[in-house]
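Scroll down for the structure; my scribbles are underneath it.
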Amino acid sequence: MAKKEGQSGYTRTALIMEGGAMRGMFTCGVIDVLMENHIDFDGAAGISAGAAFGCNFKSRQIGRPIRYNKTFGKDPRYASFRSLLKTGDYFGAKFCYETLPFELDVWDTKTFAENPLEFYIGATDVDTGKPRYHLCSDGGKTDLLWMQASASMPLLSNVVEVDGYRLLDGGITDAVPYEYMESLGFRRNVIVLTQPKGYVKNKSRAQFLMDVGLRKYPKVADAMAHRHEMYNRQLEEIREREERGESFVIRPPQDLGIGRTEKDPEELERVYQIGRSETEKHLTDIREFLGE
């Protein structure tokens, strides 16, 4: 039986979820299996899709993100170049963060607010080129703006203003926020990655477009130029933590082969099922790691 927070020798636990756009369907499969098996944590953190989909872990809504992505993925209000041209956001902000969660597939903000799990979101400050973090409270407007900011891909999204900051995609500067969570005292962490073991990120071939498109935000353009270095360093550090038994990593067994803006329900379901399968394989190991 796991010790409870406050008991002598207790180590705070966290679930940490990277982004990756529709690779996030893998994460959706992971969190559903964790919820179905009543595996919980003291805290959780999500970046980009890891925040937008992972928030359902705190609201305890099994199956919600895969369901609404399959149902509304092809709706131009949800994600389309038409939306990008009309609003400046490929993923329509009003539809994704108002219409969908409060009218079409309702987000359980009551459970979200009452669940003691601490849920953190990371985004990139466009003025400093550094990550910023937010502790969610009630699933209200401010929390949703941070989720939107965290998932706002450069060149495909507007800058999001919230809490006095101007923000974009958290994955630009902190793809997997394990260091931040460790700084808060979460020392026994399950990390969900959406790339397979051995993956190495290359420098973007579209950096020239980034430099031009982000000329108003030179700090972000610079961070994008070095993003591959940050990400590869993080993957190496995570591997080292995994080998020392300090973190437990759930990752795809191979490249997921899914596009960042995939809309085909069958493809979304395929990747979701890989996430489920990988988590089911390791349930006993996860429980042992968490001391259950």
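Each chain of the structure tokens is named A, B, ... in the order shown, its residues numbered from 1; ligands are numbered from 1 in display order.
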Per residue of region 51-166 of chain A within 12 Å of region 179-194 of chain A, record the nearest atom pair and its distance in Å to one decimal, counting only C-alpha atoms, with rows in chain order and ascending residue number, as a Markdown table.
```
| residue | atom | partner | partner_atom | distance |
| --- | --- | --- | --- | --- |
| A:Ala51 | CA | A:Val192 | CA | 12.0 |
| A:Gly54 | CA | A:Val192 | CA | 10.4 |
| A:Glu118 | CA | A:Met181 | CA | 10.6 |
| A:Phe119 | CA | A:Met181 | CA | 10.4 |
| A:Tyr120 | CA | A:Met181 | CA | 8.7 |
| A:Ile121 | CA | A:Tyr180 | CA | 10.6 |
| A:Gly122 | CA | A:Tyr180 | CA | 9.4 |
| A:Pro131 | CA | A:Tyr180 | CA | 9.8 |
| A:Arg132 | CA | A:Tyr180 | CA | 9.9 |
| A:Tyr133 | CA | A:Tyr180 | CA | 8.7 |
| A:His134 | CA | A:Tyr180 | CA | 11.3 |
| A:Leu135 | CA | A:Met181 | CA | 11.3 |
```
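DSSP secondary structure from the backbone places A:Arg12, A:Thr13, A:Ala14, A:Leu15, A:Ile16, A:Met17, A:Gly43, A:Ala44, A:Ala45, A:Gly46, A:Ile47, A:Glu118, A:Phe119, A:Tyr120, A:Ile121, A:Gly122, A:Ala123, A:Thr124, A:Asp125, A:Lys130, A:Pro131, A:Arg132, A:Tyr133, A:His134, A:Leu135 of region 6-135 of chain A in strand (DSSP E).
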Among listed residues A:Arg233, A:Arg23, A:Arg260, A:His226, nearest Met210 (chain A) (using only C-alpha atoms):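 Among A:Arg233, A:Arg23, A:Arg260, A:His226, it is A:His226 that comes nearest to Met210 (chain A).
Using only C-alpha atoms, the nearest neighbour of Pro252 (chain A) within the list A:Asp174, A:Glu161, A:Glu267, A:Glu278 is A:Glu278.
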If you count only C-alpha atoms, which residues fall within 12 Å of Thr128 (chain A), apart from same-chain ones fewer than 5 positions away, as a PyMOL selection string? chain A and resi 123+165-168+173+217-223
Those residues you just picked out, can you put them in a file as a PDB file, in the first residue's frame with N, CA and C atoms?
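See out23.pdb below for the written result:
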```
ATOM      1  N   ALA A 123       3.747  27.133 -20.913  1.00  0.00           N
ATOM      2  CA  ALA A 123       3.664  27.859 -22.178  1.00  0.00           C
ATOM      3  C   ALA A 123       4.935  28.692 -22.337  1.00  0.00           C
ATOM      4  N   TYR A 165       0.863  38.043 -19.452  1.00  0.00           N
ATOM      5  CA  TYR A 165       1.880  37.470 -20.322  1.00  0.00           C
ATOM      6  C   TYR A 165       1.345  37.341 -21.743  1.00  0.00           C
ATOM      7  N   ARG A 166       2.269  37.282 -22.702  1.00  0.00           N
ATOM      8  CA  ARG A 166       1.946  36.954 -24.082  1.00  0.00           C
ATOM      9  C   ARG A 166       2.615  35.615 -24.368  1.00  0.00           C
ATOM     10  N   LEU A 167       1.796  34.627 -24.754  1.00  0.00           N
ATOM     11  CA  LEU A 167       2.266  33.250 -24.739  1.00  0.00           C
ATOM     12  C   LEU A 167       2.002  32.501 -26.039  1.00  0.00           C
ATOM     13  N   LEU A 168       2.875  31.495 -26.296  1.00  0.00           N
ATOM     14  CA  LEU A 168       2.701  30.538 -27.380  1.00  0.00           C
ATOM     15  C   LEU A 168       3.028  29.142 -26.847  1.00  0.00           C
ATOM     16  N   THR A 173       9.941  25.731 -25.614  1.00  0.00           N
ATOM     17  CA  THR A 173      11.006  25.957 -24.626  1.00  0.00           C
ATOM     18  C   THR A 173      11.086  24.896 -23.534  1.00  0.00           C
ATOM     19  N   TYR A 217       8.755  38.485 -32.796  1.00  0.00           N
ATOM     20  CA  TYR A 217       9.077  37.789 -31.551  1.00  0.00           C
ATOM     21  C   TYR A 217      10.431  37.103 -31.699  1.00  0.00           C
ATOM     22  N   PRO A 218      11.515  37.888 -31.763  1.00  0.00           N
ATOM     23  CA  PRO A 218      12.845  37.305 -32.020  1.00  0.00           C
ATOM     24  C   PRO A 218      13.280  36.294 -30.964  1.00  0.00           C
ATOM     25  N   LYS A 219      12.828  36.444 -29.724  1.00  0.00           N
ATOM     26  CA  LYS A 219      13.193  35.485 -28.679  1.00  0.00           C
ATOM     27  C   LYS A 219      12.596  34.109 -28.983  1.00  0.00           C
ATOM     28  N   VAL A 220      11.393  34.096 -29.531  1.00  0.00           N
ATOM     29  CA  VAL A 220      10.752  32.824 -29.883  1.00  0.00           C
ATOM     30  C   VAL A 220      11.435  32.214 -31.100  1.00  0.00           C
ATOM     31  N   ALA A 221      11.768  33.059 -32.081  1.00  0.00           N
ATOM     32  CA  ALA A 221      12.466  32.564 -33.267  1.00  0.00           C
ATOM     33  C   ALA A 221      13.797  31.927 -32.866  1.00  0.00           C
ATOM     34  N   ASP A 222      14.493  32.552 -31.926  1.00  0.00           N
ATOM     35  CA  ASP A 222      15.760  31.996 -31.463  1.00  0.00           C
ATOM     36  C   ASP A 222      15.545  30.671 -30.735  1.00  0.00           C
ATOM     37  N   ALA A 223      14.501  30.617 -29.907  1.00  0.00           N
ATOM     38  CA  ALA A 223      14.199  29.365 -29.196  1.00  0.00           C
ATOM     39  C   ALA A 223      13.855  28.256 -30.180  1.00  0.00           C
TER      40      ALA A 223
END
```
Atom-to-atom span, CA of Ala49 (chain A) and CA of Leu155 (chain A), Å: 16.7 Å
Near Val159 (chain A), counting only C-alpha atoms, which residues have an atom at most 12 Å away, once you skip same-chain residues fewer than 2 positions from it, shown as a ChimeraX atom specification? /A:87-89,93,123-127,145-146,148-157,161-162,165-170,214,216-217,220
Apply DSSP to the structure's backbone, then extract all residues of region 8-250 of chain A labelled helix (DSSP H, G or I) and return them as a short mmCIF file (atom, residue, chain, number, x, y, z; two decimals) with N, CA, C and O atoms, in the first residue's frame.
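Result written to states06.cif:
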```
data_model
loop_
_atom_site.label_atom_id
_atom_site.label_comp_id
_atom_site.auth_asym_id
_atom_site.auth_seq_id
_atom_site.Cartn_x
_atom_site.Cartn_y
_atom_site.Cartn_z
N ALA A 21 0.91 17.48 -30.76
CA ALA A 21 -0.33 17.57 -31.56
C ALA A 21 -1.07 16.23 -31.54
O ALA A 21 -1.31 15.70 -30.47
N MET A 22 -1.39 15.65 -32.68
CA MET A 22 -2.21 14.45 -32.68
C MET A 22 -1.47 13.18 -32.27
O MET A 22 -2.09 12.13 -32.12
N ARG A 23 -0.15 13.27 -32.04
CA ARG A 23 0.50 12.18 -31.34
C ARG A 23 -0.06 12.07 -29.92
O ARG A 23 0.08 11.05 -29.25
N GLY A 24 -0.73 13.13 -29.50
CA GLY A 24 -1.36 13.15 -28.18
C GLY A 24 -2.46 12.13 -28.01
O GLY A 24 -2.89 11.86 -26.88
N MET A 25 -2.93 11.53 -29.11
CA MET A 25 -3.90 10.44 -28.97
C MET A 25 -3.28 9.27 -28.22
O MET A 25 -3.98 8.52 -27.54
N PHE A 26 -1.97 9.11 -28.34
CA PHE A 26 -1.26 8.09 -27.55
C PHE A 26 -1.44 8.40 -26.07
O PHE A 26 -1.77 7.50 -25.27
N THR A 27 -1.24 9.64 -25.68
CA THR A 27 -1.41 10.06 -24.28
C THR A 27 -2.84 9.84 -23.81
O THR A 27 -3.06 9.45 -22.66
N CYS A 28 -3.81 10.08 -24.69
CA CYS A 28 -5.21 9.85 -24.32
C CYS A 28 -5.43 8.40 -23.94
O CYS A 28 -6.15 8.09 -22.98
N GLY A 29 -4.82 7.47 -24.68
CA GLY A 29 -4.93 6.05 -24.34
C GLY A 29 -4.28 5.76 -23.01
O GLY A 29 -4.80 4.97 -22.20
N VAL A 30 -3.13 6.38 -22.75
CA VAL A 30 -2.42 6.18 -21.48
C VAL A 30 -3.28 6.62 -20.30
O VAL A 30 -3.48 5.86 -19.34
N ILE A 31 -3.79 7.84 -20.36
CA ILE A 31 -4.52 8.35 -19.19
C ILE A 31 -5.83 7.60 -18.95
O ILE A 31 -6.25 7.44 -17.80
N ASP A 32 -6.46 7.12 -20.02
CA ASP A 32 -7.69 6.36 -19.83
C ASP A 32 -7.42 5.07 -19.07
O ASP A 32 -8.17 4.70 -18.16
N VAL A 33 -6.36 4.37 -19.42
CA VAL A 33 -6.03 3.13 -18.72
C VAL A 33 -5.65 3.41 -17.26
O VAL A 33 -6.04 2.68 -16.35
N LEU A 34 -4.91 4.49 -17.03
CA LEU A 34 -4.56 4.86 -15.66
C LEU A 34 -5.82 5.14 -14.84
O LEU A 34 -5.94 4.68 -13.69
N MET A 35 -6.77 5.87 -15.42
CA MET A 35 -8.01 6.17 -14.69
C MET A 35 -8.84 4.92 -14.46
O MET A 35 -9.39 4.72 -13.37
N GLU A 36 -8.94 4.07 -15.47
CA GLU A 36 -9.71 2.83 -15.33
C GLU A 36 -9.16 1.94 -14.23
O GLU A 36 -9.91 1.17 -13.61
N ALA A 49 -0.49 19.60 -26.44
CA ALA A 49 -1.53 18.57 -26.43
C ALA A 49 -1.57 17.82 -25.11
O ALA A 49 -2.62 17.33 -24.70
N GLY A 50 -0.43 17.74 -24.43
CA GLY A 50 -0.40 17.10 -23.12
C GLY A 50 -1.23 17.84 -22.10
O GLY A 50 -1.74 17.23 -21.14
N ALA A 51 -1.40 19.15 -22.29
CA ALA A 51 -2.27 19.94 -21.43
C ALA A 51 -3.72 19.87 -21.89
O ALA A 51 -4.63 19.62 -21.10
N ALA A 52 -3.92 20.08 -23.21
CA ALA A 52 -5.29 20.13 -23.75
C ALA A 52 -6.02 18.80 -23.59
O ALA A 52 -7.23 18.77 -23.33
N CYS A 55 -5.73 17.34 -19.35
CA CYS A 55 -6.59 17.94 -18.32
C CYS A 55 -7.76 17.03 -17.97
O CYS A 55 -8.32 17.12 -16.87
N ASN A 56 -8.12 16.13 -18.88
CA ASN A 56 -9.23 15.21 -18.61
C ASN A 56 -8.87 14.18 -17.53
O ASN A 56 -9.75 13.53 -16.99
N PHE A 57 -7.58 14.04 -17.22
CA PHE A 57 -7.19 13.18 -16.11
C PHE A 57 -7.65 13.79 -14.79
O PHE A 57 -8.12 13.08 -13.90
N LYS A 58 -7.56 15.09 -14.67
CA LYS A 58 -8.00 15.77 -13.46
C LYS A 58 -9.53 15.83 -13.36
O LYS A 58 -10.10 15.75 -12.27
N ARG A 64 -13.04 10.97 -23.06
CA ARG A 64 -13.53 12.23 -23.62
C ARG A 64 -12.66 12.76 -24.75
O ARG A 64 -13.20 13.09 -25.83
N PRO A 65 -11.34 12.89 -24.60
CA PRO A 65 -10.58 13.52 -25.69
C PRO A 65 -10.53 12.71 -26.98
O PRO A 65 -10.58 13.29 -28.06
N ILE A 66 -10.45 11.39 -26.89
CA ILE A 66 -10.49 10.60 -28.13
C ILE A 66 -11.87 10.71 -28.77
O ILE A 66 -12.00 10.80 -29.99
N ARG A 67 -12.90 10.77 -27.95
CA ARG A 67 -14.26 10.86 -28.48
C ARG A 67 -14.47 12.16 -29.25
O ARG A 67 -14.94 12.16 -30.39
N TYR A 68 -14.12 13.29 -28.64
CA TYR A 68 -14.42 14.54 -29.33
C TYR A 68 -13.49 14.78 -30.51
O TYR A 68 -13.88 15.43 -31.50
N ASN A 69 -12.28 14.25 -30.46
CA ASN A 69 -11.41 14.39 -31.63
C ASN A 69 -11.93 13.58 -32.81
O ASN A 69 -11.87 14.04 -33.96
N LYS A 70 -12.44 12.39 -32.56
CA LYS A 70 -13.00 11.58 -33.64
C LYS A 70 -14.30 12.19 -34.17
O LYS A 70 -14.58 12.12 -35.36
N THR A 71 -15.08 12.79 -33.29
CA THR A 71 -16.37 13.35 -33.68
C THR A 71 -16.23 14.66 -34.44
O THR A 71 -16.90 14.88 -35.45
N PHE A 72 -15.33 15.53 -33.96
CA PHE A 72 -15.27 16.89 -34.50
C PHE A 72 -13.98 17.20 -35.26
O PHE A 72 -13.82 18.33 -35.74
N PHE A 81 -7.55 25.22 -42.40
CA PHE A 81 -6.89 26.41 -42.94
C PHE A 81 -7.91 27.53 -43.12
O PHE A 81 -7.54 28.70 -43.10
N ARG A 82 -9.16 27.17 -43.26
CA ARG A 82 -10.20 28.21 -43.31
C ARG A 82 -10.24 28.97 -41.99
O ARG A 82 -10.31 30.20 -41.96
N SER A 83 -10.16 28.22 -40.90
CA SER A 83 -10.11 28.85 -39.58
C SER A 83 -8.86 29.71 -39.44
O SER A 83 -8.92 30.83 -38.92
N LEU A 84 -7.73 29.21 -39.93
CA LEU A 84 -6.48 29.97 -39.86
C LEU A 84 -6.61 31.29 -40.60
O LEU A 84 -6.19 32.35 -40.09
N LEU A 85 -7.18 31.25 -41.81
CA LEU A 85 -7.32 32.47 -42.61
C LEU A 85 -8.31 33.44 -41.99
O LEU A 85 -8.11 34.66 -42.03
N LYS A 86 -9.38 32.91 -41.39
CA LYS A 86 -10.42 33.77 -40.82
C LYS A 86 -10.05 34.34 -39.46
O LYS A 86 -10.38 35.48 -39.13
N THR A 87 -9.37 33.53 -38.65
CA THR A 87 -9.15 33.92 -37.26
C THR A 87 -7.69 34.03 -36.85
O THR A 87 -7.39 34.59 -35.79
N ALA A 93 -10.05 28.87 -31.83
CA ALA A 93 -10.05 29.12 -30.39
C ALA A 93 -11.46 29.10 -29.81
O ALA A 93 -11.70 28.47 -28.76
N LYS A 94 -12.40 29.77 -30.44
CA LYS A 94 -13.75 29.83 -29.90
C LYS A 94 -14.39 28.44 -29.86
O LYS A 94 -15.01 28.05 -28.86
N PHE A 95 -14.20 27.68 -30.93
CA PHE A 95 -14.80 26.35 -30.97
C PHE A 95 -14.13 25.42 -29.97
O PHE A 95 -14.80 24.72 -29.21
N CYS A 96 -12.79 25.42 -29.96
CA CYS A 96 -12.05 24.46 -29.13
C CYS A 96 -12.17 24.75 -27.64
O CYS A 96 -12.18 23.81 -26.82
N TYR A 97 -12.22 26.03 -27.28
CA TYR A 97 -12.14 26.38 -25.86
C TYR A 97 -13.42 26.99 -25.30
O TYR A 97 -13.46 27.36 -24.13
N GLU A 98 -14.47 27.06 -26.13
CA GLU A 98 -15.76 27.53 -25.64
C GLU A 98 -16.88 26.58 -26.08
O GLU A 98 -17.50 25.92 -25.25
N THR A 99 -17.11 26.51 -27.39
CA THR A 99 -18.24 25.73 -27.89
C THR A 99 -18.13 24.25 -27.54
O THR A 99 -19.08 23.64 -27.02
N LEU A 100 -16.97 23.66 -27.80
CA LEU A 100 -16.80 22.23 -27.58
C LEU A 100 -16.90 21.86 -26.09
O LEU A 100 -17.70 20.99 -25.72
N PRO A 101 -16.12 22.49 -25.19
CA PRO A 101 -16.14 22.05 -23.79
C PRO A 101 -17.38 22.45 -23.01
O PRO A 101 -17.68 21.83 -21.98
N PHE A 102 -18.11 23.45 -23.46
CA PHE A 102 -19.25 23.91 -22.68
C PHE A 102 -20.61 23.65 -23.33
O PHE A 102 -21.65 23.85 -22.71
N GLU A 103 -20.58 23.15 -24.60
CA GLU A 103 -21.85 22.86 -25.27
C GLU A 103 -21.89 21.46 -25.88
O GLU A 103 -22.90 20.76 -25.74
N LEU A 104 -20.85 21.05 -26.57
CA LEU A 104 -20.92 19.84 -27.40
C LEU A 104 -20.45 18.57 -26.69
O LEU A 104 -21.04 17.51 -26.86
N THR A 109 -16.04 20.62 -15.14
CA THR A 109 -15.25 21.56 -14.37
C THR A 109 -15.46 21.40 -12.86
O THR A 109 -14.57 21.73 -12.08
N LYS A 110 -16.61 20.88 -12.45
CA LYS A 110 -16.86 20.68 -11.01
C LYS A 110 -15.88 19.64 -10.47
O LYS A 110 -15.23 19.86 -9.44
N THR A 111 -15.78 18.50 -11.15
CA THR A 111 -14.83 17.47 -10.72
C THR A 111 -13.40 17.98 -10.83
O THR A 111 -12.56 17.72 -9.95
N PHE A 112 -13.11 18.71 -11.90
CA PHE A 112 -11.78 19.27 -12.09
C PHE A 112 -11.39 20.14 -10.90
O PHE A 112 -10.28 20.02 -10.36
N ALA A 113 -12.30 21.01 -10.48
CA ALA A 113 -12.02 21.93 -9.38
C ALA A 113 -11.90 21.20 -8.04
O ALA A 113 -11.09 21.59 -7.18
N GLU A 114 -12.69 20.14 -7.86
CA GLU A 114 -12.72 19.45 -6.58
C GLU A 114 -11.61 18.42 -6.43
O GLU A 114 -11.25 18.04 -5.31
N LYS A 141 -12.10 30.30 -17.21
CA LYS A 141 -11.56 31.02 -18.36
C LYS A 141 -10.04 31.12 -18.33
O LYS A 141 -9.38 30.90 -19.36
N THR A 142 -9.48 31.43 -17.16
CA THR A 142 -8.03 31.58 -17.08
C THR A 142 -7.31 30.27 -17.37
O THR A 142 -6.35 30.22 -18.14
N ASP A 143 -7.79 29.17 -16.77
CA ASP A 143 -7.19 27.87 -17.03
C ASP A 143 -7.25 27.52 -18.52
O ASP A 143 -6.29 27.01 -19.10
N LEU A 144 -8.39 27.80 -19.14
CA LEU A 144 -8.57 27.48 -20.56
C LEU A 144 -7.67 28.34 -21.44
O LEU A 144 -7.15 27.86 -22.45
N LEU A 145 -7.45 29.59 -21.06
CA LEU A 145 -6.55 30.44 -21.83
C LEU A 145 -5.12 29.91 -21.76
O LEU A 145 -4.37 29.96 -22.75
N TRP A 146 -4.73 29.39 -20.61
CA TRP A 146 -3.39 28.80 -20.49
C TRP A 146 -3.29 27.53 -21.34
O TRP A 146 -2.26 27.27 -21.97
N MET A 147 -4.35 26.72 -21.37
CA MET A 147 -4.34 25.54 -22.24
C MET A 147 -4.23 25.95 -23.70
O MET A 147 -3.47 25.35 -24.47
N GLN A 148 -5.00 26.96 -24.07
CA GLN A 148 -4.94 27.45 -25.45
C GLN A 148 -3.54 27.95 -25.77
O GLN A 148 -2.98 27.62 -26.83
N ALA A 149 -2.95 28.72 -24.85
CA ALA A 149 -1.60 29.24 -25.07
C ALA A 149 -0.60 28.11 -25.23
O ALA A 149 0.23 28.13 -26.14
N SER A 150 -0.68 27.13 -24.35
CA SER A 150 0.27 26.02 -24.37
C SER A 150 0.23 25.26 -25.69
O SER A 150 1.25 24.71 -26.13
N GLY A 170 4.02 25.77 -25.40
CA GLY A 170 4.99 25.44 -24.37
C GLY A 170 6.10 24.54 -24.85
O GLY A 170 7.20 24.53 -24.29
N GLY A 171 5.83 23.75 -25.90
CA GLY A 171 6.83 22.83 -26.41
C GLY A 171 8.03 23.50 -27.04
O GLY A 171 9.05 22.85 -27.29
N ILE A 172 7.94 24.80 -27.28
CA ILE A 172 9.06 25.53 -27.87
C ILE A 172 10.24 25.57 -26.90
O ILE A 172 11.40 25.44 -27.30
N TYR A 178 9.69 17.93 -16.73
CA TYR A 178 10.09 17.14 -15.56
C TYR A 178 10.94 17.97 -14.60
O TYR A 178 10.82 17.83 -13.37
N GLU A 179 11.81 18.84 -15.14
CA GLU A 179 12.66 19.65 -14.26
C GLU A 179 11.81 20.60 -13.42
O GLU A 179 12.08 20.80 -12.23
N TYR A 180 10.80 21.19 -14.04
CA TYR A 180 9.92 22.10 -13.29
C TYR A 180 9.19 21.35 -12.19
O TYR A 180 9.13 21.82 -11.04
N MET A 181 8.65 20.18 -12.50
CA MET A 181 7.92 19.42 -11.49
C MET A 181 8.85 18.96 -10.36
O MET A 181 8.48 18.96 -9.19
N GLU A 182 10.07 18.59 -10.71
CA GLU A 182 11.04 18.22 -9.68
C GLU A 182 11.34 19.41 -8.77
O GLU A 182 11.51 19.26 -7.56
N SER A 183 11.37 20.60 -9.35
CA SER A 183 11.64 21.80 -8.56
C SER A 183 10.54 22.08 -7.55
O SER A 183 10.77 22.77 -6.54
N GLN A 207 13.28 26.71 -40.62
CA GLN A 207 13.70 27.79 -39.73
C GLN A 207 13.63 29.16 -40.40
O GLN A 207 13.30 30.16 -39.75
N PHE A 208 13.91 29.21 -41.70
CA PHE A 208 13.81 30.50 -42.40
C PHE A 208 12.39 31.06 -42.29
O PHE A 208 12.19 32.25 -42.04
N LEU A 209 11.39 30.16 -42.47
CA LEU A 209 10.00 30.60 -42.35
C LEU A 209 9.71 31.07 -40.93
O LEU A 209 8.96 32.04 -40.72
N MET A 210 10.27 30.37 -39.95
CA MET A 210 10.09 30.77 -38.56
C MET A 210 10.69 32.16 -38.32
O MET A 210 10.07 33.01 -37.68
N ASP A 211 11.89 32.37 -38.83
CA ASP A 211 12.54 33.67 -38.64
C ASP A 211 11.72 34.79 -39.24
O ASP A 211 11.60 35.88 -38.65
N VAL A 212 11.14 34.54 -40.42
CA VAL A 212 10.32 35.57 -41.08
C VAL A 212 8.98 35.73 -40.36
O VAL A 212 8.57 36.84 -40.03
N GLY A 213 8.31 34.60 -40.09
CA GLY A 213 6.98 34.65 -39.49
C GLY A 213 6.99 35.14 -38.05
O GLY A 213 5.99 35.68 -37.57
N PRO A 218 11.52 37.89 -31.76
CA PRO A 218 12.84 37.30 -32.02
C PRO A 218 13.28 36.29 -30.96
O PRO A 218 14.03 35.36 -31.28
N LYS A 219 12.83 36.44 -29.72
CA LYS A 219 13.19 35.49 -28.68
C LYS A 219 12.60 34.11 -28.98
O LYS A 219 13.22 33.08 -28.72
N VAL A 220 11.39 34.10 -29.53
CA VAL A 220 10.75 32.82 -29.88
C VAL A 220 11.44 32.21 -31.10
O VAL A 220 11.68 31.00 -31.15
N ALA A 221 11.77 33.06 -32.08
CA ALA A 221 12.47 32.56 -33.27
C ALA A 221 13.80 31.93 -32.87
O ALA A 221 14.18 30.87 -33.39
N ASP A 222 14.49 32.55 -31.93
CA ASP A 222 15.76 32.00 -31.46
C ASP A 222 15.54 30.67 -30.74
O ASP A 222 16.31 29.71 -30.93
N ALA A 223 14.50 30.62 -29.91
CA ALA A 223 14.20 29.36 -29.20
C ALA A 223 13.85 28.26 -30.18
O ALA A 223 14.25 27.09 -29.98
N MET A 224 13.13 28.60 -31.24
CA MET A 224 12.81 27.60 -32.26
C MET A 224 14.06 27.09 -32.96
O MET A 224 14.16 25.91 -33.31
N ALA A 225 15.04 27.97 -33.15
CA ALA A 225 16.27 27.57 -33.82
C ALA A 225 17.06 26.55 -33.00
O ALA A 225 17.82 25.75 -33.55
N ARG A 227 15.48 24.55 -30.63
CA ARG A 227 14.51 23.64 -30.02
C ARG A 227 14.98 22.19 -30.06
O ARG A 227 14.79 21.44 -29.10
N HIS A 228 15.59 21.79 -31.16
CA HIS A 228 16.05 20.40 -31.26
C HIS A 228 17.10 20.08 -30.21
O HIS A 228 17.15 18.96 -29.69
N GLU A 229 17.94 21.05 -29.89
CA GLU A 229 18.97 20.84 -28.87
C GLU A 229 18.32 20.65 -27.50
O GLU A 229 18.72 19.77 -26.72
N MET A 230 17.34 21.50 -27.18
CA MET A 230 16.62 21.39 -25.91
C MET A 230 15.94 20.04 -25.80
O MET A 230 16.04 19.34 -24.78
N TYR A 231 15.26 19.63 -26.88
CA TYR A 231 14.49 18.40 -26.84
C TYR A 231 15.39 17.17 -26.71
O TYR A 231 15.12 16.27 -25.90
N ASN A 232 16.46 17.14 -27.45
CA ASN A 232 17.37 16.00 -27.37
C ASN A 232 18.05 15.92 -26.01
O ASN A 232 18.27 14.81 -25.49
N ARG A 233 18.38 17.06 -25.42
CA ARG A 233 18.93 17.06 -24.06
C ARG A 233 17.92 16.49 -23.08
O ARG A 233 18.26 15.67 -22.22
N GLN A 234 16.66 16.90 -23.22
CA GLN A 234 15.63 16.40 -22.32
C GLN A 234 15.46 14.89 -22.46
O GLN A 234 15.35 14.18 -21.45
N LEU A 235 15.43 14.40 -23.68
CA LEU A 235 15.28 12.96 -23.87
C LEU A 235 16.43 12.19 -23.24
O LEU A 235 16.23 11.11 -22.66
N GLU A 236 17.64 12.71 -23.35
CA GLU A 236 18.79 12.05 -22.75
C GLU A 236 18.69 12.07 -21.22
O GLU A 236 18.95 11.06 -20.55
N GLU A 237 18.29 13.19 -20.66
CA GLU A 237 18.15 13.29 -19.20
C GLU A 237 17.03 12.39 -18.69
O GLU A 237 17.16 11.78 -17.62
N ILE A 238 15.96 12.28 -19.44
CA ILE A 238 14.86 11.40 -19.06
C ILE A 238 15.33 9.94 -19.10
O ILE A 238 15.02 9.15 -18.20
N ARG A 239 16.10 9.59 -20.14
CA ARG A 239 16.63 8.23 -20.23
C ARG A 239 17.51 7.92 -19.02
O ARG A 239 17.45 6.81 -18.46
N GLU A 240 18.32 8.87 -18.61
CA GLU A 240 19.18 8.66 -17.44
C GLU A 240 18.36 8.48 -16.17
O GLU A 240 18.68 7.62 -15.33
N ARG A 241 17.31 9.28 -16.02
CA ARG A 241 16.44 9.14 -14.85
C ARG A 241 15.74 7.78 -14.85
O ARG A 241 15.56 7.16 -13.81
N GLU A 242 15.35 7.36 -16.04
CA GLU A 242 14.69 6.06 -16.18
C GLU A 242 15.64 4.94 -15.78
O GLU A 242 15.24 4.01 -15.05
N GLU A 243 16.87 5.01 -16.23
CA GLU A 243 17.85 3.96 -15.92
C GLU A 243 18.18 3.92 -14.43
O GLU A 243 18.48 2.85 -13.88
#
```
